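Q: Structure file entry_18.cif (mmCIF, N, CA and C atoms) right here:
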data_coords
#
loop_
_atom_site.label_atom_id
_atom_site.label_comp_id
_atom_site.auth_asym_id
_atom_site.auth_seq_id
_atom_site.Cartn_x
_atom_site.Cartn_y
_atom_site.Cartn_z
N MET T 1 -6.04 -10.77 -2.97
CA MET T 1 -6.98 -9.93 -2.27
C MET T 1 -6.86 -8.52 -2.81
N LYS T 2 -7.97 -7.89 -3.07
CA LYS T 2 -7.97 -6.54 -3.62
C LYS T 2 -8.48 -5.56 -2.58
N LEU T 3 -7.76 -4.44 -2.46
CA LEU T 3 -8.20 -3.36 -1.59
C LEU T 3 -8.90 -2.31 -2.44
N GLY T 4 -9.38 -1.29 -1.78
CA GLY T 4 -10.01 -0.20 -2.52
C GLY T 4 -8.97 0.57 -3.31
N LYS T 5 -9.44 1.37 -4.24
CA LYS T 5 -8.56 2.17 -5.09
C LYS T 5 -7.90 3.26 -4.24
N PRO T 6 -6.55 3.29 -4.24
CA PRO T 6 -5.88 4.33 -3.46
C PRO T 6 -6.08 5.71 -4.07
N THR T 7 -6.10 6.71 -3.21
CA THR T 7 -6.16 8.09 -3.67
C THR T 7 -4.89 8.78 -3.22
N SER T 8 -4.44 9.73 -3.99
CA SER T 8 -3.24 10.47 -3.65
C SER T 8 -3.62 11.62 -2.73
N LYS T 9 -3.08 11.60 -1.53
CA LYS T 9 -3.34 12.66 -0.57
C LYS T 9 -2.45 13.86 -0.89
N THR T 10 -1.17 13.59 -1.07
CA THR T 10 -0.21 14.61 -1.48
C THR T 10 0.81 13.94 -2.38
N SER T 11 1.34 14.68 -3.30
CA SER T 11 2.41 14.11 -4.11
C SER T 11 3.29 15.21 -4.68
N LYS T 12 4.54 14.87 -4.79
CA LYS T 12 5.52 15.72 -5.46
C LYS T 12 6.21 14.79 -6.45
N ILE T 13 5.63 14.68 -7.63
CA ILE T 13 6.12 13.75 -8.63
C ILE T 13 6.92 14.51 -9.68
N LEU T 14 8.14 14.06 -9.89
CA LEU T 14 9.01 14.66 -10.89
C LEU T 14 9.36 13.56 -11.91
N PRO T 15 8.57 13.45 -12.99
CA PRO T 15 8.82 12.39 -13.96
C PRO T 15 10.24 12.36 -14.50
N SER T 16 10.88 13.52 -14.58
CA SER T 16 12.24 13.57 -15.12
C SER T 16 13.30 13.20 -14.07
N ASN T 17 12.92 13.14 -12.79
CA ASN T 17 13.86 12.79 -11.72
C ASN T 17 13.08 12.09 -10.61
N ILE T 18 12.76 10.84 -10.84
CA ILE T 18 11.89 10.09 -9.93
C ILE T 18 12.47 9.99 -8.53
N THR T 19 13.79 9.96 -8.40
CA THR T 19 14.39 9.83 -7.06
C THR T 19 14.13 11.04 -6.18
N LYS T 20 13.70 12.13 -6.76
CA LYS T 20 13.36 13.34 -5.99
C LYS T 20 11.86 13.44 -5.73
N SER T 21 11.11 12.41 -6.08
CA SER T 21 9.66 12.41 -5.93
C SER T 21 9.24 11.86 -4.56
N SER T 22 8.00 12.13 -4.19
CA SER T 22 7.41 11.57 -2.98
C SER T 22 5.89 11.61 -3.14
N ALA T 23 5.21 10.79 -2.35
CA ALA T 23 3.75 10.76 -2.41
C ALA T 23 3.20 10.15 -1.13
N THR T 24 1.99 10.53 -0.80
CA THR T 24 1.26 9.90 0.30
C THR T 24 -0.06 9.42 -0.27
N LEU T 25 -0.31 8.12 -0.10
CA LEU T 25 -1.53 7.50 -0.62
C LEU T 25 -2.44 7.09 0.53
N VAL T 26 -3.74 7.21 0.30
CA VAL T 26 -4.74 6.75 1.25
C VAL T 26 -5.46 5.57 0.61
N VAL T 27 -5.47 4.44 1.31
CA VAL T 27 -6.08 3.22 0.78
C VAL T 27 -7.28 2.84 1.64
N PRO T 28 -8.49 2.86 1.08
CA PRO T 28 -9.67 2.46 1.86
C PRO T 28 -9.68 0.96 2.11
N ILE T 29 -10.08 0.55 3.31
CA ILE T 29 -10.09 -0.86 3.69
C ILE T 29 -11.44 -1.52 3.41
N ALA T 30 -12.53 -0.78 3.54
CA ALA T 30 -13.87 -1.36 3.40
C ALA T 30 -14.12 -2.08 2.08
N PRO T 31 -13.60 -1.59 0.93
CA PRO T 31 -13.86 -2.30 -0.33
C PRO T 31 -13.06 -3.59 -0.52
N LEU T 32 -12.25 -3.96 0.46
CA LEU T 32 -11.44 -5.17 0.37
C LEU T 32 -12.27 -6.35 -0.12
N SER T 33 -11.69 -7.11 -1.06
CA SER T 33 -12.41 -8.25 -1.62
C SER T 33 -11.43 -9.38 -1.95
N SER T 34 -11.77 -10.57 -1.46
CA SER T 34 -10.95 -11.75 -1.76
C SER T 34 -11.67 -12.69 -2.71
N GLY T 35 -12.93 -12.36 -3.04
CA GLY T 35 -13.72 -13.25 -3.87
C GLY T 35 -14.52 -14.25 -3.04
N ASN T 36 -14.39 -14.17 -1.71
CA ASN T 36 -15.12 -15.07 -0.81
C ASN T 36 -15.80 -14.19 0.25
N LYS T 37 -17.13 -14.04 0.16
CA LYS T 37 -17.86 -13.11 1.03
C LYS T 37 -17.69 -13.42 2.51
N GLY T 38 -17.68 -14.70 2.87
CA GLY T 38 -17.50 -15.09 4.27
C GLY T 38 -16.12 -14.68 4.79
N ARG T 39 -15.11 -14.95 3.99
CA ARG T 39 -13.73 -14.58 4.38
C ARG T 39 -13.61 -13.06 4.46
N ASP T 40 -14.20 -12.34 3.49
CA ASP T 40 -14.13 -10.89 3.50
C ASP T 40 -14.75 -10.33 4.77
N LYS T 41 -15.89 -10.85 5.16
CA LYS T 41 -16.57 -10.40 6.37
C LYS T 41 -15.68 -10.63 7.59
N HIS T 42 -15.05 -11.81 7.65
CA HIS T 42 -14.17 -12.14 8.77
C HIS T 42 -12.94 -11.22 8.79
N ILE T 43 -12.32 -10.99 7.64
CA ILE T 43 -11.13 -10.15 7.56
C ILE T 43 -11.45 -8.71 7.99
N LYS T 44 -12.62 -8.21 7.62
CA LYS T 44 -13.00 -6.83 7.94
C LYS T 44 -13.52 -6.69 9.37
N SER T 45 -13.77 -7.79 10.06
CA SER T 45 -14.36 -7.76 11.40
C SER T 45 -13.40 -7.18 12.42
N SER T 46 -13.93 -6.89 13.61
CA SER T 46 -13.10 -6.35 14.70
C SER T 46 -12.06 -7.36 15.17
N ASP T 47 -12.23 -8.64 14.83
CA ASP T 47 -11.23 -9.66 15.19
C ASP T 47 -9.93 -9.46 14.42
N LEU T 48 -10.00 -8.87 13.22
CA LEU T 48 -8.81 -8.73 12.39
C LEU T 48 -8.56 -7.27 12.01
N LEU T 49 -8.93 -6.86 10.81
CA LEU T 49 -8.62 -5.51 10.34
C LEU T 49 -9.46 -4.42 10.99
N ASP T 50 -10.65 -4.76 11.45
CA ASP T 50 -11.58 -3.81 12.07
C ASP T 50 -11.81 -2.61 11.14
N ALA T 51 -12.31 -2.93 9.95
CA ALA T 51 -12.53 -1.91 8.91
C ALA T 51 -13.50 -0.82 9.33
N ALA T 52 -14.45 -1.14 10.22
CA ALA T 52 -15.41 -0.12 10.67
C ALA T 52 -14.70 0.96 11.50
N LYS T 53 -13.74 0.56 12.31
CA LYS T 53 -13.02 1.50 13.16
C LYS T 53 -11.81 2.11 12.46
N PHE T 54 -11.10 1.30 11.68
CA PHE T 54 -9.90 1.74 10.99
C PHE T 54 -10.14 1.63 9.48
N GLY T 55 -10.81 2.61 8.93
CA GLY T 55 -11.30 2.55 7.56
C GLY T 55 -10.29 2.76 6.45
N GLN T 56 -9.06 3.14 6.81
CA GLN T 56 -8.09 3.39 5.76
C GLN T 56 -6.67 3.16 6.27
N ALA T 57 -5.79 2.91 5.33
CA ALA T 57 -4.36 2.83 5.59
C ALA T 57 -3.71 3.97 4.82
N THR T 58 -2.61 4.48 5.33
CA THR T 58 -1.87 5.54 4.66
C THR T 58 -0.47 5.03 4.34
N ILE T 59 -0.02 5.32 3.13
CA ILE T 59 1.32 4.90 2.71
C ILE T 59 2.07 6.15 2.24
N ALA T 60 3.11 6.51 2.99
CA ALA T 60 3.94 7.68 2.65
C ALA T 60 5.22 7.17 1.99
N ILE T 61 5.40 7.53 0.72
CA ILE T 61 6.52 7.05 -0.09
C ILE T 61 7.55 8.17 -0.22
N ASN T 62 8.82 7.85 0.14
CA ASN T 62 9.89 8.83 -0.02
C ASN T 62 11.23 8.11 -0.08
N ASN T 63 12.31 8.84 -0.02
CA ASN T 63 13.66 8.25 -0.08
C ASN T 63 13.77 7.24 -1.22
N ILE T 64 13.47 7.67 -2.41
CA ILE T 64 13.48 6.79 -3.58
C ILE T 64 14.91 6.71 -4.14
N SER T 65 15.31 5.50 -4.46
CA SER T 65 16.63 5.30 -5.07
C SER T 65 16.51 4.35 -6.26
N LYS T 66 17.43 4.47 -7.18
CA LYS T 66 17.47 3.58 -8.35
C LYS T 66 17.95 2.22 -7.87
N LYS T 67 17.29 1.17 -8.33
CA LYS T 67 17.67 -0.19 -7.94
C LYS T 67 17.50 -1.09 -9.15
N GLY T 68 18.61 -1.45 -9.80
CA GLY T 68 18.55 -2.28 -10.99
C GLY T 68 17.78 -1.58 -12.09
N LYS T 69 16.79 -2.28 -12.65
CA LYS T 69 15.96 -1.70 -13.71
C LYS T 69 14.80 -0.90 -13.15
N GLY T 70 14.64 -0.91 -11.83
CA GLY T 70 13.54 -0.20 -11.20
C GLY T 70 14.01 0.73 -10.11
N TYR T 71 13.20 0.85 -9.08
CA TYR T 71 13.47 1.76 -7.98
C TYR T 71 13.10 1.07 -6.67
N ALA T 72 13.56 1.64 -5.57
CA ALA T 72 13.14 1.21 -4.24
C ALA T 72 12.83 2.47 -3.45
N ALA T 73 11.78 2.41 -2.67
CA ALA T 73 11.39 3.55 -1.85
C ALA T 73 11.21 3.09 -0.41
N LYS T 74 11.39 4.02 0.50
CA LYS T 74 10.99 3.78 1.88
C LYS T 74 9.51 4.15 1.93
N ALA T 75 8.71 3.24 2.41
CA ALA T 75 7.28 3.49 2.49
C ALA T 75 6.83 3.31 3.94
N LYS T 76 6.34 4.38 4.53
CA LYS T 76 5.82 4.31 5.89
C LYS T 76 4.34 3.96 5.80
N VAL T 77 4.01 2.76 6.22
CA VAL T 77 2.64 2.27 6.18
C VAL T 77 2.02 2.51 7.56
N SER T 78 0.91 3.24 7.60
CA SER T 78 0.21 3.53 8.85
C SER T 78 -1.18 2.91 8.79
N PHE T 79 -1.50 2.12 9.82
CA PHE T 79 -2.79 1.44 9.88
C PHE T 79 -3.07 1.03 11.32
N ARG T 80 -4.28 1.18 11.75
CA ARG T 80 -4.72 0.78 13.10
C ARG T 80 -3.91 1.48 14.19
N GLY T 81 -3.51 2.74 13.95
CA GLY T 81 -2.78 3.50 14.95
C GLY T 81 -1.31 3.11 15.09
N LYS T 82 -0.81 2.30 14.18
CA LYS T 82 0.59 1.87 14.21
C LYS T 82 1.23 2.20 12.86
N ALA T 83 2.55 2.36 12.87
CA ALA T 83 3.27 2.67 11.63
C ALA T 83 4.50 1.79 11.52
N LYS T 84 4.81 1.40 10.29
CA LYS T 84 5.97 0.57 10.01
C LYS T 84 6.56 1.03 8.69
N THR T 85 7.87 1.23 8.64
CA THR T 85 8.53 1.59 7.39
C THR T 85 9.05 0.33 6.72
N ILE T 86 8.69 0.17 5.45
CA ILE T 86 9.12 -0.99 4.69
C ILE T 86 9.85 -0.52 3.43
N SER T 87 10.64 -1.39 2.86
CA SER T 87 11.26 -1.11 1.57
C SER T 87 10.27 -1.57 0.50
N LEU T 88 9.96 -0.70 -0.43
CA LEU T 88 8.97 -0.99 -1.44
C LEU T 88 9.59 -0.86 -2.83
N PRO T 89 9.87 -1.99 -3.49
CA PRO T 89 10.41 -1.92 -4.85
C PRO T 89 9.30 -1.56 -5.84
N PHE T 90 9.65 -0.83 -6.89
CA PHE T 90 8.65 -0.52 -7.92
C PHE T 90 9.32 -0.28 -9.25
N THR T 91 8.53 -0.43 -10.29
CA THR T 91 8.97 -0.10 -11.63
C THR T 91 8.04 0.96 -12.19
N VAL T 92 8.56 1.77 -13.08
CA VAL T 92 7.75 2.79 -13.74
C VAL T 92 7.17 2.16 -15.00
N VAL T 93 5.86 2.11 -15.08
CA VAL T 93 5.16 1.53 -16.21
C VAL T 93 4.96 2.59 -17.30
N GLU T 94 4.71 3.82 -16.86
CA GLU T 94 4.46 4.91 -17.80
C GLU T 94 4.90 6.22 -17.16
N SER T 95 5.47 7.10 -17.94
CA SER T 95 5.88 8.40 -17.46
C SER T 95 5.56 9.44 -18.52
N ASN T 96 4.94 10.54 -18.08
CA ASN T 96 4.67 11.64 -19.01
C ASN T 96 4.72 12.95 -18.23
N ASN T 97 4.43 14.06 -18.86
CA ASN T 97 4.53 15.37 -18.20
C ASN T 97 3.60 15.54 -17.02
N SER T 98 2.53 14.77 -16.95
CA SER T 98 1.57 14.95 -15.85
C SER T 98 1.84 14.03 -14.66
N GLY T 99 2.73 13.03 -14.80
CA GLY T 99 3.02 12.16 -13.67
C GLY T 99 3.59 10.83 -14.12
N ILE T 100 3.48 9.83 -13.23
CA ILE T 100 4.00 8.50 -13.52
C ILE T 100 2.98 7.44 -13.08
N ARG T 101 3.06 6.29 -13.71
CA ARG T 101 2.28 5.13 -13.27
C ARG T 101 3.30 4.09 -12.85
N ILE T 102 3.15 3.58 -11.62
CA ILE T 102 4.10 2.62 -11.09
C ILE T 102 3.42 1.28 -10.79
N LYS T 103 4.24 0.25 -10.81
CA LYS T 103 3.79 -1.10 -10.44
C LYS T 103 4.69 -1.54 -9.30
N THR T 104 4.09 -2.03 -8.22
CA THR T 104 4.87 -2.40 -7.05
C THR T 104 4.36 -3.68 -6.42
N ASN T 105 5.21 -4.31 -5.68
CA ASN T 105 4.80 -5.42 -4.83
C ASN T 105 5.72 -5.45 -3.62
N GLY T 106 5.15 -5.82 -2.51
CA GLY T 106 5.89 -5.88 -1.26
C GLY T 106 5.14 -6.76 -0.28
N THR T 107 5.66 -6.86 0.91
CA THR T 107 5.05 -7.71 1.93
C THR T 107 4.99 -6.95 3.25
N ILE T 108 3.87 -7.10 3.95
CA ILE T 108 3.76 -6.56 5.31
C ILE T 108 3.35 -7.69 6.25
N LYS T 109 3.69 -7.52 7.51
CA LYS T 109 3.26 -8.45 8.55
C LYS T 109 2.10 -7.81 9.29
N LEU T 110 0.97 -8.49 9.34
CA LEU T 110 -0.20 -7.93 10.01
C LEU T 110 0.05 -7.67 11.49
N SER T 111 0.90 -8.48 12.12
CA SER T 111 1.19 -8.27 13.55
C SER T 111 1.87 -6.93 13.81
N ASP T 112 2.55 -6.35 12.80
CA ASP T 112 3.15 -5.02 12.96
C ASP T 112 2.10 -3.95 13.16
N PHE T 113 0.85 -4.27 12.83
CA PHE T 113 -0.25 -3.31 12.94
C PHE T 113 -1.29 -3.75 13.96
N GLY T 114 -0.87 -4.64 14.85
CA GLY T 114 -1.75 -5.07 15.94
C GLY T 114 -2.83 -6.04 15.54
N VAL T 115 -2.66 -6.72 14.41
CA VAL T 115 -3.65 -7.69 13.94
C VAL T 115 -3.22 -9.08 14.42
N ALA T 116 -4.10 -9.74 15.15
CA ALA T 116 -3.80 -11.07 15.67
C ALA T 116 -3.72 -12.09 14.54
N ASP T 117 -3.06 -13.20 14.81
CA ASP T 117 -2.96 -14.28 13.84
C ASP T 117 -4.35 -14.87 13.61
N ALA T 118 -4.79 -14.83 12.38
CA ALA T 118 -6.14 -15.30 12.06
C ALA T 118 -6.19 -16.80 11.84
N GLY T 119 -5.06 -17.37 11.51
CA GLY T 119 -5.05 -18.80 11.21
C GLY T 119 -5.70 -19.09 9.86
N GLY T 120 -5.81 -20.35 9.53
CA GLY T 120 -6.44 -20.74 8.26
C GLY T 120 -5.70 -20.18 7.07
N SER T 121 -6.45 -19.73 6.08
CA SER T 121 -5.84 -19.24 4.84
C SER T 121 -5.37 -17.79 4.95
N ILE T 122 -5.62 -17.16 6.09
CA ILE T 122 -5.21 -15.77 6.28
C ILE T 122 -3.92 -15.79 7.10
N GLY T 123 -2.80 -15.59 6.44
CA GLY T 123 -1.52 -15.64 7.10
C GLY T 123 -1.13 -14.31 7.69
N GLN T 124 -0.02 -14.27 8.44
CA GLN T 124 0.48 -13.04 9.02
C GLN T 124 1.18 -12.17 7.99
N LYS T 125 1.78 -12.79 6.98
CA LYS T 125 2.43 -12.01 5.93
C LYS T 125 1.45 -11.83 4.78
N VAL T 126 1.28 -10.58 4.38
CA VAL T 126 0.34 -10.25 3.31
C VAL T 126 1.10 -9.59 2.17
N SER T 127 0.88 -10.07 0.97
CA SER T 127 1.51 -9.48 -0.21
C SER T 127 0.71 -8.27 -0.67
N LEU T 128 1.44 -7.22 -0.98
CA LEU T 128 0.83 -6.01 -1.53
C LEU T 128 1.24 -5.93 -2.99
N GLU T 129 0.27 -5.85 -3.87
CA GLU T 129 0.54 -5.66 -5.29
C GLU T 129 -0.36 -4.53 -5.77
N ALA T 130 0.23 -3.57 -6.45
CA ALA T 130 -0.56 -2.43 -6.89
C ALA T 130 0.05 -1.82 -8.14
N GLN T 131 -0.82 -1.18 -8.89
CA GLN T 131 -0.41 -0.35 -10.02
C GLN T 131 -1.15 0.97 -9.79
N VAL T 132 -0.38 2.04 -9.61
CA VAL T 132 -0.95 3.31 -9.18
C VAL T 132 -0.43 4.42 -10.08
N THR T 133 -1.31 5.36 -10.42
CA THR T 133 -0.92 6.55 -11.16
C THR T 133 -0.72 7.69 -10.15
N LEU T 134 0.44 8.31 -10.20
CA LEU T 134 0.76 9.43 -9.33
C LEU T 134 0.94 10.67 -10.19
N ASN T 135 0.06 11.64 -9.99
CA ASN T 135 0.11 12.87 -10.78
C ASN T 135 0.93 13.93 -10.07
N LYS T 136 1.45 14.85 -10.88
CA LYS T 136 2.25 15.96 -10.33
C LYS T 136 1.44 16.74 -9.32
#
Step by step, read the file and then write its structure as structure tokens.
A:
Amino acid sequence: MKLGKPTSKTSKILPSNITKSSATLVVPIAPLSSGNKGRDKHIKSSDLLDAAKFGQATIAINNISKKGKGYAAKAKVSFRGKAKTISLPFTVVESNNSGIRIKTNGTIKLSDFGVADAGGSIGQKVSLEAQVTLNK
């Protein structure tokens, strides 16, 4: 499932010292696409994500530490008036003087954000996969 392209709300990116970096991303919900129009309509409905009322999620990334060949950050995910802090592993794909590009994957539980169990092919645990450029 693909969400809209995240935008950087604020960031303090230090390519030479990533563990001292932080960022807040805003992710629009309305462009969500699973490749199935009927499922997309159901997921965006007031029964589940309620994209009309809750049009975006915010992810605040901080407390970054080195973990193996990559990094781990504490990410506070805010959506539908609720917030949950998750551990978010990531790797740096590219780093230059203007910022970094990271690749990450993690899992969230929809029930942590007040989303009822949808049943069928829409489970409670949702995988997050993203590649994002964070500029200084």
Q: Apply the PyMOL selection byres ((chain T and resi 58) around 5) to the structure shown and report the selected residues as a list of chain:residue names.
A: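 In the shown coordinates, the PyMOL selection byres ((chain T and resi 58) around 5) covers T:Leu25, T:Val26, T:Val27, T:Gln56, T:Ala57, T:Ile59, T:Ala60, T:Val77, T:Ser78.
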Q: Find the residues near Pro15 in chain T: any atom within 7 Å, counting only C-alpha atoms, skip ones fewer than 5 places away on the same chain, and give them as a list in words.
A: Ser95, Asn96, Asn97, Gly99 and Ile100 of chain T
Q: From chain T, collect each residue whose DSSP state is alpha helix (DSSP H) and return the set as a PDB file with N, CA and C atoms, keeping the file's coordinate frame.
A:
ATOM      1  N   LYS T  37     -17.130 -14.040   0.160  1.00  0.00           N
ATOM      2  CA  LYS T  37     -17.860 -13.110   1.030  1.00  0.00           C
ATOM      3  C   LYS T  37     -17.690 -13.420   2.510  1.00  0.00           C
ATOM      4  N   GLY T  38     -17.680 -14.700   2.870  1.00  0.00           N
ATOM      5  CA  GLY T  38     -17.500 -15.090   4.270  1.00  0.00           C
ATOM      6  C   GLY T  38     -16.120 -14.680   4.790  1.00  0.00           C
ATOM      7  N   ARG T  39     -15.110 -14.950   3.990  1.00  0.00           N
ATOM      8  CA  ARG T  39     -13.730 -14.580   4.380  1.00  0.00           C
ATOM      9  C   ARG T  39     -13.610 -13.060   4.460  1.00  0.00           C
ATOM     10  N   ASP T  40     -14.200 -12.340   3.490  1.00  0.00           N
ATOM     11  CA  ASP T  40     -14.130 -10.890   3.500  1.00  0.00           C
ATOM     12  C   ASP T  40     -14.750 -10.330   4.770  1.00  0.00           C
ATOM     13  N   LYS T  41     -15.890 -10.850   5.160  1.00  0.00           N
ATOM     14  CA  LYS T  41     -16.570 -10.400   6.370  1.00  0.00           C
ATOM     15  C   LYS T  41     -15.680 -10.630   7.590  1.00  0.00           C
ATOM     16  N   HIS T  42     -15.050 -11.810   7.650  1.00  0.00           N
ATOM     17  CA  HIS T  42     -14.170 -12.140   8.770  1.00  0.00           C
ATOM     18  C   HIS T  42     -12.940 -11.220   8.790  1.00  0.00           C
ATOM     19  N   ILE T  43     -12.320 -10.990   7.640  1.00  0.00           N
ATOM     20  CA  ILE T  43     -11.130 -10.150   7.560  1.00  0.00           C
ATOM     21  C   ILE T  43     -11.450  -8.710   7.990  1.00  0.00           C
ATOM     22  N   LYS T  44     -12.620  -8.210   7.620  1.00  0.00           N
ATOM     23  CA  LYS T  44     -13.000  -6.830   7.940  1.00  0.00           C
ATOM     24  C   LYS T  44     -13.520  -6.690   9.370  1.00  0.00           C
TER      25      LYS T  44
END
Q: The residues within 5 Å of (12.3, 6.0, 1.9), using all atoms listed in the file and the coordinates of the file, should be reported as a list of chain:residue names; which are they?
A: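 Neighbouring residues, ordered by chain and number, come to T:Asn62, T:Asn63, T:Ile64, T:Ala73, T:Lys74, T:Ala75.
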Q: Need to verify the contact set: range 87-93 of chain T, 6 Å, only N, CA and C atoms, exclusion of same-chain residues closer than 3 positions in sequence. Can you return it as a PyMOL selection string?
A: chain T and resi 70-75+101-106
Q: Those residues with N, CA and C atoms, as a short mmCIF file (atom, residue, chain, number, x, y, z; two decimals), in the coordinates of the input please?
A:
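Okay, selection29.cif is ready:
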data_model
loop_
_atom_site.label_atom_id
_atom_site.label_comp_id
_atom_site.auth_asym_id
_atom_site.auth_seq_id
_atom_site.Cartn_x
_atom_site.Cartn_y
_atom_site.Cartn_z
N GLY T 70 14.64 -0.91 -11.83
CA GLY T 70 13.54 -0.20 -11.20
C GLY T 70 14.01 0.73 -10.11
N TYR T 71 13.20 0.85 -9.08
CA TYR T 71 13.47 1.76 -7.98
C TYR T 71 13.10 1.07 -6.67
N ALA T 72 13.56 1.64 -5.57
CA ALA T 72 13.14 1.21 -4.24
C ALA T 72 12.83 2.47 -3.45
N ALA T 73 11.78 2.41 -2.67
CA ALA T 73 11.39 3.55 -1.85
C ALA T 73 11.21 3.09 -0.41
N LYS T 74 11.39 4.02 0.50
CA LYS T 74 10.99 3.78 1.88
C LYS T 74 9.51 4.15 1.93
N ALA T 75 8.71 3.24 2.41
CA ALA T 75 7.28 3.49 2.49
C ALA T 75 6.83 3.31 3.94
N ARG T 101 3.06 6.29 -13.71
CA ARG T 101 2.28 5.13 -13.27
C ARG T 101 3.30 4.09 -12.85
N ILE T 102 3.15 3.58 -11.62
CA ILE T 102 4.10 2.62 -11.09
C ILE T 102 3.42 1.28 -10.79
N LYS T 103 4.24 0.25 -10.81
CA LYS T 103 3.79 -1.10 -10.44
C LYS T 103 4.69 -1.54 -9.30
N THR T 104 4.09 -2.03 -8.22
CA THR T 104 4.87 -2.40 -7.05
C THR T 104 4.36 -3.68 -6.42
N ASN T 105 5.21 -4.31 -5.68
CA ASN T 105 4.80 -5.42 -4.83
C ASN T 105 5.72 -5.45 -3.62
N GLY T 106 5.15 -5.82 -2.51
CA GLY T 106 5.89 -5.88 -1.26
C GLY T 106 5.14 -6.76 -0.28
#
Q: I'd like the contact shell of range 5-14 of chain T - 6 Å cut-off, only N, CA and C atoms, skipping same-chain residues fewer than 6 positions apart - returned as number ranges by chain.
A: T: 20-28, 135-136
Q: Just how far from atom C of Gly38 in chain T is CA of Phe113 in chain T, in Å to one decimal?
A: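 Separation of CA of Phe113 in chain T and atom C of Gly38 in chain T: 21.2 Å.
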Q: Skip Leu110 in chain T itself and residues of its chain fewer than 5 positions away, then list as an MDAnalysis selection string all residues within 6.5 Å of it, counting only N, CA and C atoms.
A: chainID T and resid 115:116 123:126
Q: Between CA of Ile86 in chain T and CA of Asp112 in chain T, measure the distance and give it in Å to one decimal.
A: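 That distance, rounded to one decimal, is 11.0 Å.
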Q: Please return as a ChimeraX atom specification: the residues of chain T that backbone DSSP assigns to strand (DSSP E or B).
A: /T:2,7-12,22-28,33,56-67,70-79,82-96,99-109,119,122,125-135
Q: To one decimal place in Å, what is the distance between atom N of Glu94 in chain T and CA of Asn17 in chain T?
A: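 Pair atom N of Glu94 in chain T / CA of Asn17 in chain T returns 13.8 Å.
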Q: Residues at most 7 Å from Gly114 in chain T, counting only N, CA and C atoms, excluding those fewer than 4 positions away in the same chain, as a list in words?
A: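 Surrounding residues, per the criterion: Leu48, Arg80, Lys82 and Leu110 of chain T.
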Q: Step by step, gather every atom of range 29-33 of chain T that the file lists, find the box along x, y and z that holds them, add 6 Å on each side, and finally give centre and edge lengths in Å to one decimal, as AutoDock Vina command-line options.
A:
--center_x -12.1 --center_y -4.4 --center_z 0.9 --size_x 16.0 --size_y 21.9 --size_z 17.6
